[in-house]
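**Q** Once you've had a glance at the structure underneath, I'll fire off some questions.
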Amino acid sequence: MRSSVSRGLGLLAAAVATTAIVVPGTATAAESPPVKWGPCPSDVSAVAPPQFQCGTLDVPLDYRKPDGKKIQVAVSRLASTKPAQRRGVLLMNPGGPGGPGLNMPLQLLQLGLPASVADSYDLIGFDPRGVGHSTPVTCDLKTLQSNVPPYARDAADVAKRATAVEGVAKKCATSKTASILPYITTANTARDMDAIRAALGEKKISYYGISYGSYLGSVFSTLFPQRTDRIVLDSVVGPGGLDVTGSRRFGQGFQDRFPDFAKWAAARNDSYGLGKTPQQVTANYFALAERLDKTPVGAIDGSAFRAGVLGALYDTTSFPKLAQQWQALARGATPAAEAAAPPPEVLENVLSAQLHVACNDNAWPRSVETYQHNVAVDRERYPMFGAAAANIWACAFWPSQPLEPPVKIGDRGPSNILVVQNLRDPATPLVGARETRRALGDRARMVTVDQGGHGVYVFAPNACGNNAVNRFLVDGQRPAHDTACGADTGNAFSELSPEQQRQREQVLDERRALPVA
């Protein structure tokens with residue numbers, strides 16, 4: 001789940017043919033005509049190679065009624081320039097839910113995707129239904145803040161948050177897109193993926209999904225096991241997706257990851273003054289958060305500080321900026337302004353789509369008292385962030401119940417899934433990856449990497465972790481058994497030119513600006 005770091009301490013995505021689509025548990029959908037490729041929207045990429053193209057396809061709003069109302073799904077293609085090496089298509093999802101994915105093929109290249117992978121596949125991005133250029137949804141949100149709740153100091157804070165998010169749920173229920181609200185789900189997005197496969201004229205697709213995108217890939221692999229080629233699930237959400245358990249796991253992830261920052265900061269105490277030992281850095285975190293609870297610095301209260309630290313824990317390259325902001329707050333000064341956030345309309349859509357998927361996929365507890373209990377438990381269990389992660393979401397007041405049960409991730413199908421996971425992930429902790437690995441059974445193998453942060457492949461430099469994915473996607477080589485990569489086993493991006501390094505950092509900054517998982 002890629003989180004907002006750029007708002008940080010501020011307030012916090014060949015040949016074609018016509019093929020019938022068979023959807024498990026539904027009627028056969030209408031045939032999918034080929035995608036008509038053309039230029040991409042100007043907001044997707046101002047500069048792109050000529051082989052980067054976009055198009056749309058119509059898909060059923062409700063797959064139980066394949067001849068009924070249609071919505072649009074926007075798709076992009078960065079075609080392989082080596083036809084002799086081309087294996088097929090690699091569909092991808094950037095996380096969220098709610099993350100736009102049309103520009104993800106370009107982003108992966110800028111992050112350092114090897115030429116061997118780009119030559120082997122047409123890289124296929126898409127905006128999931130409800131997002132960006134794919135019949136976007138809205139909740140008419142006026143306050144654009146992360147859906148991850150603020151820190152709750154007591155039951156009264158939970159009750160106060162409940163009043164606020166009840167209003168958000170009502171806005172979603174009465175917005176101009178309320179008629180399509182119940183159909184924005186992970187299962188339907190997976191069915192859209194199969195429609196994309198059909199429209200591309202492919203019998204099977206390969207897939208790379210990070211964070212929430214790992215759950216989407218698990219659902220697709222369960223619903224359409226025989227349509228999967230090589231599937232990579234990175235930084236893995238548990239088999240329940242972004243449900244109440246997934247939300248609470250931010251508390252565990254924070255607790256797992258923070259020691260990496262504390263060790264880093266202690267080694268640089270002469271520069272930042274955050275503590276001479278990791279223990280002192282940790283104690284100073286609690287002290288500053290509590291002080292900001294009582295006396296905010298500008299708009300930054302304790303909740304905003306804690307959320308900003310969480311965002312910075314996603315990527316070790318964010319540590320210096322976090323330390324500078326923390327240093328400023330400690331002396332009562334407002335930190336330097338962050339980079340510009342995405343346009344308000346983009347941010348509103350991302351936040352709205354995230355709520356649609358999270359609240360439609362699972363039936364969240366409806367009782368405020370349940371969240372008050374969860375907060376009390378997690379404040380003690382995960383004191384650094386647990387009382388925020390367990391706080392109430394708008395899903396508690398969602399206007400509709402899920403239209404279908406959650407997809408039960410299963411082990412029926414080919415053994416063609418690779419799970420890659422950092423040991424210390426602040427958003428999707430190791431426990432979720434292990435649960436998904438068990439649910440997939442012999443279909444999957446898992447590679448764990450001894451590093452912190454959110455993202456293994458192309459997001460972090462560990463060469464062992466990156467090479468495990470490269471070998472699988474290019475040559476089909478996957479470990480015979482679950483395996484582990486040690487810490488600091490080479491830098492996968494050490495040979496990038498200064499310009500490539502600059503592009504890589506720019507993409508990471510852009511992704512940090514979106515409040516998605």
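Ordering of the structure tokens sets the chain letters (A, B, ...); residue numbers start at 1 within each chain; ligands are numbered from 1 in the order shown.
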Any idea what's packed within 12 Å of Glu499 of chain A, counting only C-alpha atoms, ignoring anything in its chain fewer than 6 positions away? Could you give it as a ChimeraX atom specification?

**A** /A:110-112,505-506

**Q** If you run DSSP on the backbone here, which positions in segment 356-512 of chain A get strand (DSSP E)? Please write them as a VMD selection string.

**A** chain A and resid 417 to 424 444 to 452 483 to 485

**Q** Just C-alpha atoms for this one: save the residues we selected as a PDB file, in the first residue's frame.

**A**
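Final output, again.pdb:
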ATOM      1  CA  ILE A 417       3.234 -17.555  -8.598  1.00  0.00           C
ATOM      2  CA  LEU A 418       6.220 -15.841  -7.018  1.00  0.00           C
ATOM      3  CA  VAL A 419       5.726 -13.937  -3.748  1.00  0.00           C
ATOM      4  CA  VAL A 420       8.439 -11.418  -2.800  1.00  0.00           C
ATOM      5  CA  GLN A 421       8.404  -9.711   0.586  1.00  0.00           C
ATOM      6  CA  ASN A 422      10.611  -7.535   2.775  1.00  0.00           C
ATOM      7  CA  LEU A 423      11.034  -8.733   6.335  1.00  0.00           C
ATOM      8  CA  ARG A 424      10.221  -5.290   7.749  1.00  0.00           C
ATOM      9  CA  ALA A 444       3.438 -20.251  -4.992  1.00  0.00           C
ATOM     10  CA  ARG A 445       7.010 -19.882  -3.822  1.00  0.00           C
ATOM     11  CA  MET A 446       8.116 -17.037  -1.572  1.00  0.00           C
ATOM     12  CA  VAL A 447      11.345 -15.058  -1.469  1.00  0.00           C
ATOM     13  CA  THR A 448      11.878 -12.962   1.661  1.00  0.00           C
ATOM     14  CA  VAL A 449      14.404 -10.130   1.684  1.00  0.00           C
ATOM     15  CA  ASP A 450      16.244  -8.929   4.789  1.00  0.00           C
ATOM     16  CA  GLN A 451      15.486  -5.236   4.374  1.00  0.00           C
ATOM     17  CA  GLY A 452      12.914  -2.706   5.452  1.00  0.00           C
ATOM     18  CA  THR A 483      14.067 -18.970   0.043  1.00  0.00           C
ATOM     19  CA  ALA A 484      15.626 -15.897   1.617  1.00  0.00           C
ATOM     20  CA  CYS A 485      17.848 -13.043   0.478  1.00  0.00           C
TER      21      CYS A 485
END

**Q** Based on DSSP run over this structure's backbone, return all residues of segment 252-441 of chain A in helix (DSSP H, G or I), as a compact mmCIF listing (two decimals) with N, CA and C atoms, in the first residue's frame.

**A**
# COMPACT_ATOMS: atom_id res chain seq x y z
N GLN A 252 1.33 -2.95 13.29
CA GLN A 252 2.41 -3.94 13.38
C GLN A 252 3.55 -3.58 12.44
N GLY A 253 3.22 -3.14 11.22
CA GLY A 253 4.26 -2.80 10.26
C GLY A 253 5.13 -1.66 10.74
N PHE A 254 4.52 -0.64 11.31
CA PHE A 254 5.26 0.49 11.87
C PHE A 254 6.23 -0.01 12.93
N GLN A 255 5.73 -0.85 13.82
CA GLN A 255 6.54 -1.36 14.92
C GLN A 255 7.72 -2.21 14.40
N ASP A 256 7.47 -2.97 13.31
CA ASP A 256 8.53 -3.80 12.72
C ASP A 256 9.61 -2.95 12.06
N ARG A 257 9.21 -1.85 11.44
CA ARG A 257 10.11 -1.07 10.59
C ARG A 257 10.84 0.05 11.33
N PHE A 258 10.21 0.64 12.34
CA PHE A 258 10.81 1.82 12.97
C PHE A 258 12.23 1.58 13.48
N PRO A 259 12.58 0.41 14.01
CA PRO A 259 13.96 0.22 14.48
C PRO A 259 15.01 0.49 13.41
N ASP A 260 14.68 0.30 12.12
CA ASP A 260 15.63 0.62 11.06
C ASP A 260 15.94 2.11 11.05
N PHE A 261 14.89 2.93 11.19
CA PHE A 261 15.11 4.37 11.23
C PHE A 261 15.83 4.77 12.52
N ALA A 262 15.44 4.19 13.62
CA ALA A 262 16.06 4.54 14.90
C ALA A 262 17.56 4.26 14.86
N LYS A 263 17.96 3.15 14.29
CA LYS A 263 19.38 2.81 14.16
C LYS A 263 20.08 3.80 13.24
N TRP A 264 19.43 4.13 12.14
CA TRP A 264 19.99 5.09 11.17
C TRP A 264 20.18 6.46 11.82
N ALA A 265 19.16 6.92 12.51
CA ALA A 265 19.22 8.25 13.12
C ALA A 265 20.25 8.30 14.25
N ALA A 266 20.34 7.24 15.04
CA ALA A 266 21.30 7.23 16.14
C ALA A 266 22.73 7.32 15.61
N ASN A 269 23.46 11.08 14.97
CA ASN A 269 22.99 12.00 16.00
C ASN A 269 23.71 13.34 15.95
N ASP A 270 24.97 13.35 15.53
CA ASP A 270 25.69 14.61 15.44
C ASP A 270 25.05 15.55 14.43
N SER A 271 24.37 14.99 13.42
CA SER A 271 23.73 15.81 12.39
C SER A 271 22.31 16.20 12.76
N TYR A 272 21.57 15.29 13.38
CA TYR A 272 20.14 15.51 13.57
C TYR A 272 19.71 15.66 15.03
N PRO A 278 19.44 3.91 19.45
CA PRO A 278 18.09 3.63 18.93
C PRO A 278 17.02 3.76 20.00
N GLN A 279 17.38 3.39 21.23
CA GLN A 279 16.41 3.50 22.31
C GLN A 279 16.05 4.96 22.58
N GLN A 280 17.04 5.84 22.52
CA GLN A 280 16.77 7.26 22.73
C GLN A 280 15.93 7.83 21.59
N VAL A 281 16.21 7.43 20.36
CA VAL A 281 15.40 7.89 19.22
C VAL A 281 13.95 7.47 19.41
N THR A 282 13.75 6.24 19.84
CA THR A 282 12.39 5.73 20.06
C THR A 282 11.69 6.50 21.17
N ALA A 283 12.39 6.74 22.26
CA ALA A 283 11.81 7.51 23.36
C ALA A 283 11.47 8.93 22.91
N ASN A 284 12.31 9.52 22.08
CA ASN A 284 12.04 10.87 21.59
C ASN A 284 10.86 10.91 20.63
N TYR A 285 10.64 9.82 19.91
CA TYR A 285 9.45 9.73 19.06
C TYR A 285 8.19 9.85 19.91
N PHE A 286 8.12 9.06 20.97
CA PHE A 286 6.95 9.10 21.83
C PHE A 286 6.79 10.48 22.48
N ALA A 287 7.90 11.04 22.93
CA ALA A 287 7.82 12.33 23.62
C ALA A 287 7.34 13.43 22.68
N LEU A 288 7.86 13.47 21.46
CA LEU A 288 7.44 14.51 20.52
C LEU A 288 6.00 14.32 20.09
N ALA A 289 5.58 13.08 19.85
CA ALA A 289 4.18 12.83 19.46
C ALA A 289 3.23 13.30 20.55
N GLU A 290 3.55 13.00 21.79
CA GLU A 290 2.69 13.41 22.89
C GLU A 290 2.69 14.93 23.04
N ARG A 291 3.84 15.57 22.84
CA ARG A 291 3.89 17.02 22.93
C ARG A 291 3.04 17.67 21.84
N LEU A 292 3.10 17.11 20.63
CA LEU A 292 2.31 17.65 19.52
C LEU A 292 0.82 17.37 19.70
N ASP A 293 0.49 16.30 20.42
CA ASP A 293 -0.92 16.07 20.76
C ASP A 293 -1.48 17.26 21.54
N LYS A 294 -0.67 17.77 22.44
CA LYS A 294 -1.10 18.87 23.32
C LYS A 294 -0.90 20.24 22.67
N GLY A 302 -0.02 15.61 16.82
CA GLY A 302 0.57 14.30 17.02
C GLY A 302 0.17 13.28 15.98
N SER A 303 -1.09 13.34 15.56
CA SER A 303 -1.56 12.40 14.54
C SER A 303 -0.83 12.60 13.21
N ALA A 304 -0.69 13.87 12.80
CA ALA A 304 -0.01 14.17 11.55
C ALA A 304 1.46 13.75 11.63
N PHE A 305 2.08 13.97 12.77
CA PHE A 305 3.48 13.56 12.95
C PHE A 305 3.62 12.05 12.82
N ARG A 306 2.78 11.29 13.51
CA ARG A 306 2.86 9.83 13.45
C ARG A 306 2.62 9.34 12.02
N ALA A 307 1.63 9.92 11.33
CA ALA A 307 1.33 9.51 9.95
C ALA A 307 2.49 9.85 9.02
N GLY A 308 3.13 11.00 9.25
CA GLY A 308 4.28 11.37 8.43
C GLY A 308 5.45 10.43 8.62
N VAL A 309 5.68 9.99 9.85
CA VAL A 309 6.74 9.02 10.10
C VAL A 309 6.42 7.71 9.38
N LEU A 310 5.18 7.27 9.47
CA LEU A 310 4.79 6.04 8.75
C LEU A 310 5.12 6.17 7.27
N GLY A 311 4.73 7.28 6.66
CA GLY A 311 5.00 7.46 5.24
C GLY A 311 6.47 7.39 4.91
N ALA A 312 7.31 7.98 5.74
CA ALA A 312 8.75 7.98 5.49
C ALA A 312 9.36 6.59 5.66
N THR A 316 13.79 3.88 2.57
CA THR A 316 14.94 4.34 3.33
C THR A 316 15.48 5.66 2.79
N THR A 317 15.31 5.93 1.50
CA THR A 317 15.79 7.20 0.96
C THR A 317 15.03 8.40 1.52
N SER A 318 13.91 8.15 2.20
CA SER A 318 13.15 9.23 2.83
C SER A 318 13.67 9.58 4.22
N PHE A 319 14.59 8.79 4.75
CA PHE A 319 15.04 9.01 6.13
C PHE A 319 15.65 10.40 6.35
N PRO A 320 16.52 10.90 5.47
CA PRO A 320 17.08 12.23 5.74
C PRO A 320 16.01 13.32 5.83
N LYS A 321 15.04 13.28 4.92
CA LYS A 321 13.98 14.30 4.96
C LYS A 321 13.16 14.17 6.24
N LEU A 322 12.86 12.94 6.65
CA LEU A 322 12.14 12.73 7.90
C LEU A 322 12.93 13.30 9.08
N ALA A 323 14.22 13.04 9.10
CA ALA A 323 15.04 13.53 10.21
C ALA A 323 15.05 15.06 10.26
N GLN A 324 15.11 15.69 9.10
CA GLN A 324 15.09 17.15 9.05
C GLN A 324 13.75 17.71 9.55
N GLN A 325 12.66 17.08 9.15
CA GLN A 325 11.34 17.53 9.59
C GLN A 325 11.16 17.33 11.09
N TRP A 326 11.59 16.18 11.57
CA TRP A 326 11.53 15.87 12.99
C TRP A 326 12.36 16.89 13.78
N GLN A 327 13.54 17.19 13.28
CA GLN A 327 14.43 18.15 13.92
C GLN A 327 13.75 19.52 14.05
N ALA A 328 13.07 19.94 12.97
CA ALA A 328 12.39 21.22 12.99
C ALA A 328 11.26 21.22 14.02
N LEU A 329 10.45 20.18 14.03
CA LEU A 329 9.34 20.09 14.97
C LEU A 329 9.82 20.08 16.41
N ALA A 330 10.94 19.42 16.65
CA ALA A 330 11.47 19.33 18.01
C ALA A 330 11.81 20.70 18.57
N PRO A 344 -6.01 18.39 -6.97
CA PRO A 344 -7.09 18.00 -6.05
C PRO A 344 -8.05 16.98 -6.65
N GLU A 345 -8.37 17.12 -7.94
CA GLU A 345 -9.32 16.18 -8.55
C GLU A 345 -8.75 14.76 -8.61
N VAL A 346 -7.43 14.65 -8.81
CA VAL A 346 -6.79 13.34 -8.82
C VAL A 346 -6.80 12.75 -7.41
N LEU A 347 -6.43 13.56 -6.44
CA LEU A 347 -6.38 13.10 -5.06
C LEU A 347 -7.76 12.69 -4.57
N GLU A 348 -8.79 13.48 -4.90
CA GLU A 348 -10.15 13.15 -4.49
C GLU A 348 -10.59 11.82 -5.07
N ASN A 349 -10.28 11.58 -6.34
CA ASN A 349 -10.66 10.33 -6.98
C ASN A 349 -9.95 9.13 -6.35
N VAL A 350 -8.65 9.29 -6.07
CA VAL A 350 -7.89 8.20 -5.45
C VAL A 350 -8.48 7.84 -4.10
N LEU A 351 -8.74 8.85 -3.27
CA LEU A 351 -9.30 8.60 -1.94
C LEU A 351 -10.69 7.97 -2.03
N SER A 352 -11.50 8.45 -2.97
CA SER A 352 -12.87 7.92 -3.13
C SER A 352 -12.83 6.48 -3.62
N ALA A 353 -12.00 6.20 -4.62
CA ALA A 353 -11.91 4.84 -5.16
C ALA A 353 -11.39 3.88 -4.10
N GLN A 354 -10.46 4.35 -3.28
CA GLN A 354 -9.94 3.50 -2.22
C GLN A 354 -11.05 3.08 -1.27
N LEU A 355 -11.90 4.01 -0.89
CA LEU A 355 -13.02 3.68 -0.02
C LEU A 355 -13.99 2.72 -0.71
N HIS A 356 -14.28 2.96 -1.99
CA HIS A 356 -15.21 2.08 -2.70
C HIS A 356 -14.75 0.63 -2.65
N VAL A 357 -13.47 0.40 -2.95
CA VAL A 357 -12.98 -0.98 -3.00
C VAL A 357 -12.91 -1.58 -1.59
N ALA A 358 -12.30 -0.86 -0.66
CA ALA A 358 -12.15 -1.41 0.69
C ALA A 358 -13.50 -1.72 1.33
N CYS A 359 -14.47 -0.83 1.14
CA CYS A 359 -15.76 -1.01 1.80
C CYS A 359 -16.68 -1.98 1.06
N ASN A 360 -16.49 -2.13 -0.25
CA ASN A 360 -17.31 -3.07 -1.02
C ASN A 360 -16.79 -4.49 -0.98
N ASP A 361 -15.48 -4.65 -0.75
CA ASP A 361 -14.90 -6.00 -0.75
C ASP A 361 -15.29 -6.80 0.48
N VAL A 368 -19.40 1.19 16.60
CA VAL A 368 -18.32 2.08 17.02
C VAL A 368 -17.55 1.47 18.18
N GLU A 369 -18.29 0.77 19.05
CA GLU A 369 -17.64 0.16 20.21
C GLU A 369 -16.58 -0.86 19.79
N THR A 370 -16.77 -1.54 18.66
CA THR A 370 -15.77 -2.50 18.18
C THR A 370 -14.45 -1.80 17.91
N TYR A 371 -14.51 -0.64 17.28
CA TYR A 371 -13.29 0.10 16.98
C TYR A 371 -12.68 0.70 18.24
N GLN A 372 -13.51 1.11 19.18
CA GLN A 372 -12.98 1.60 20.45
C GLN A 372 -12.22 0.49 21.18
N HIS A 373 -12.76 -0.72 21.13
CA HIS A 373 -12.06 -1.87 21.73
C HIS A 373 -10.76 -2.14 20.99
N ASN A 374 -10.81 -2.16 19.64
CA ASN A 374 -9.61 -2.44 18.85
C ASN A 374 -8.51 -1.41 19.12
N VAL A 375 -8.90 -0.16 19.24
CA VAL A 375 -7.93 0.90 19.50
C VAL A 375 -7.28 0.70 20.87
N ALA A 376 -8.08 0.37 21.85
CA ALA A 376 -7.53 0.15 23.19
C ALA A 376 -6.53 -1.01 23.20
N VAL A 377 -6.85 -2.06 22.48
CA VAL A 377 -5.96 -3.22 22.41
C VAL A 377 -4.66 -2.87 21.68
N ASP A 378 -4.81 -2.24 20.51
CA ASP A 378 -3.63 -1.98 19.68
C ASP A 378 -2.79 -0.82 20.17
N ARG A 379 -3.37 0.07 20.99
CA ARG A 379 -2.56 1.11 21.62
C ARG A 379 -1.52 0.48 22.53
N GLU A 380 -1.87 -0.62 23.16
CA GLU A 380 -0.93 -1.33 24.02
C GLU A 380 -0.04 -2.28 23.23
N ARG A 381 -0.60 -2.95 22.25
CA ARG A 381 0.14 -3.96 21.48
C ARG A 381 1.16 -3.31 20.55
N GLY A 386 -0.48 1.85 16.56
CA GLY A 386 -1.64 0.97 16.62
C GLY A 386 -2.95 1.69 16.85
N ALA A 387 -2.94 2.77 17.63
CA ALA A 387 -4.19 3.48 17.94
C ALA A 387 -4.68 4.31 16.77
N ALA A 388 -3.87 4.45 15.73
CA ALA A 388 -4.35 5.04 14.47
C ALA A 388 -4.83 3.94 13.54
N ALA A 389 -4.03 2.90 13.40
CA ALA A 389 -4.35 1.82 12.46
C ALA A 389 -5.67 1.13 12.79
N ALA A 394 -14.66 4.93 7.20
CA ALA A 394 -16.01 5.18 6.66
C ALA A 394 -16.73 3.89 6.31
N CYS A 395 -15.99 2.81 6.14
CA CYS A 395 -16.61 1.50 5.82
C CYS A 395 -17.60 1.06 6.89
N ALA A 396 -17.44 1.55 8.12
CA ALA A 396 -18.37 1.19 9.19
C ALA A 396 -19.77 1.72 8.92
N PHE A 397 -19.88 2.73 8.06
CA PHE A 397 -21.17 3.35 7.76
C PHE A 397 -21.51 3.25 6.27
N LEU A 430 5.12 -8.86 7.24
CA LEU A 430 5.43 -10.22 6.81
C LEU A 430 4.31 -11.21 7.08
N VAL A 431 3.56 -10.99 8.14
CA VAL A 431 2.49 -11.94 8.49
C VAL A 431 1.48 -12.09 7.37
N GLY A 432 1.15 -11.01 6.66
CA GLY A 432 0.19 -11.09 5.56
C GLY A 432 0.72 -11.89 4.39
N ALA A 433 2.00 -11.73 4.08
CA ALA A 433 2.61 -12.49 2.99
C ALA A 433 2.61 -13.98 3.32
N ARG A 434 2.91 -14.30 4.57
CA ARG A 434 2.91 -15.71 4.97
C ARG A 434 1.52 -16.32 4.87
N GLU A 435 0.52 -15.56 5.24
CA GLU A 435 -0.86 -16.06 5.13
C GLU A 435 -1.26 -16.29 3.67
N THR A 436 -0.91 -15.34 2.81
CA THR A 436 -1.22 -15.50 1.39
C THR A 436 -0.45 -16.67 0.80
N ARG A 437 0.79 -16.81 1.19
CA ARG A 437 1.60 -17.95 0.71
C ARG A 437 0.95 -19.27 1.10
N ARG A 438 0.47 -19.38 2.32
CA ARG A 438 -0.19 -20.61 2.76
C ARG A 438 -1.49 -20.83 1.98
N ALA A 439 -2.24 -19.77 1.75
CA ALA A 439 -3.51 -19.90 1.03
C ALA A 439 -3.30 -20.37 -0.41
N LEU A 440 -2.21 -19.93 -1.03
CA LEU A 440 -1.92 -20.32 -2.41
C LEU A 440 -1.31 -21.71 -2.51
N GLY A 441 -0.85 -22.24 -1.40
CA GLY A 441 -0.31 -23.60 -1.38
C GLY A 441 0.81 -23.81 -2.37

**Q** For Gly476 of chain A, list every protein, DNA or RNA residue within 12 Å, evaluated using only C-alpha atoms, and leave out those in the same chain fewer than 3 positions away; present the list as a list of chain:residue names.

**A** A:Arg87, A:Val117, A:Ser120, A:Ser206, A:Asp229, A:Arg230, A:Ile231, A:Val232, A:Ser415, A:Asn416, A:Ile417, A:Leu418, A:Ala468, A:Val469, A:Asn470, A:Arg471, A:Phe472, A:Leu473, A:Pro479, A:Ala480

**Q** Show which residues sit within 12 Å of Lys176 of chain A, as a list in words. Count only C-alpha atoms, and ignore same-chain residues fewer than 5 positions away.

**A**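 Residues near the query, excluding close chain neighbours: Thr135, Pro136, Val137, Thr138, Cys139, Asp140, Lys171 and Leu181 of chain A.
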
**Q** Hey, which bits of segment 127-173 of chain A sit within 10 Å of segment 44-67 of chain A, and for each residue what's the closest pair of atoms and how far apart in Å (one decimal), counting only C-alpha atoms, rows by chain and increasing number, as JSON lines?

**A**
{"residue": "A:Arg129", "atom": "CA", "partner": "A:Leu61", "partner_atom": "CA", "distance": 9.1}
{"residue": "A:Gly132", "atom": "CA", "partner": "A:Val44", "partner_atom": "CA", "distance": 9.7}
{"residue": "A:His133", "atom": "CA", "partner": "A:Thr56", "partner_atom": "CA", "distance": 8.9}
{"residue": "A:Ser134", "atom": "CA", "partner": "A:Thr56", "partner_atom": "CA", "distance": 8.3}

**Q** Could you check how far atom CA of Gly209 of chain A sits from atom CA of Asn391 of chain A, in Å to one decimal?

**A** 27.1 Å

**Q** Between atom CA of Gly98 of chain A and atom CA of Pro402 of chain A, what is the spacing in Å?

**A** 17.8 Å
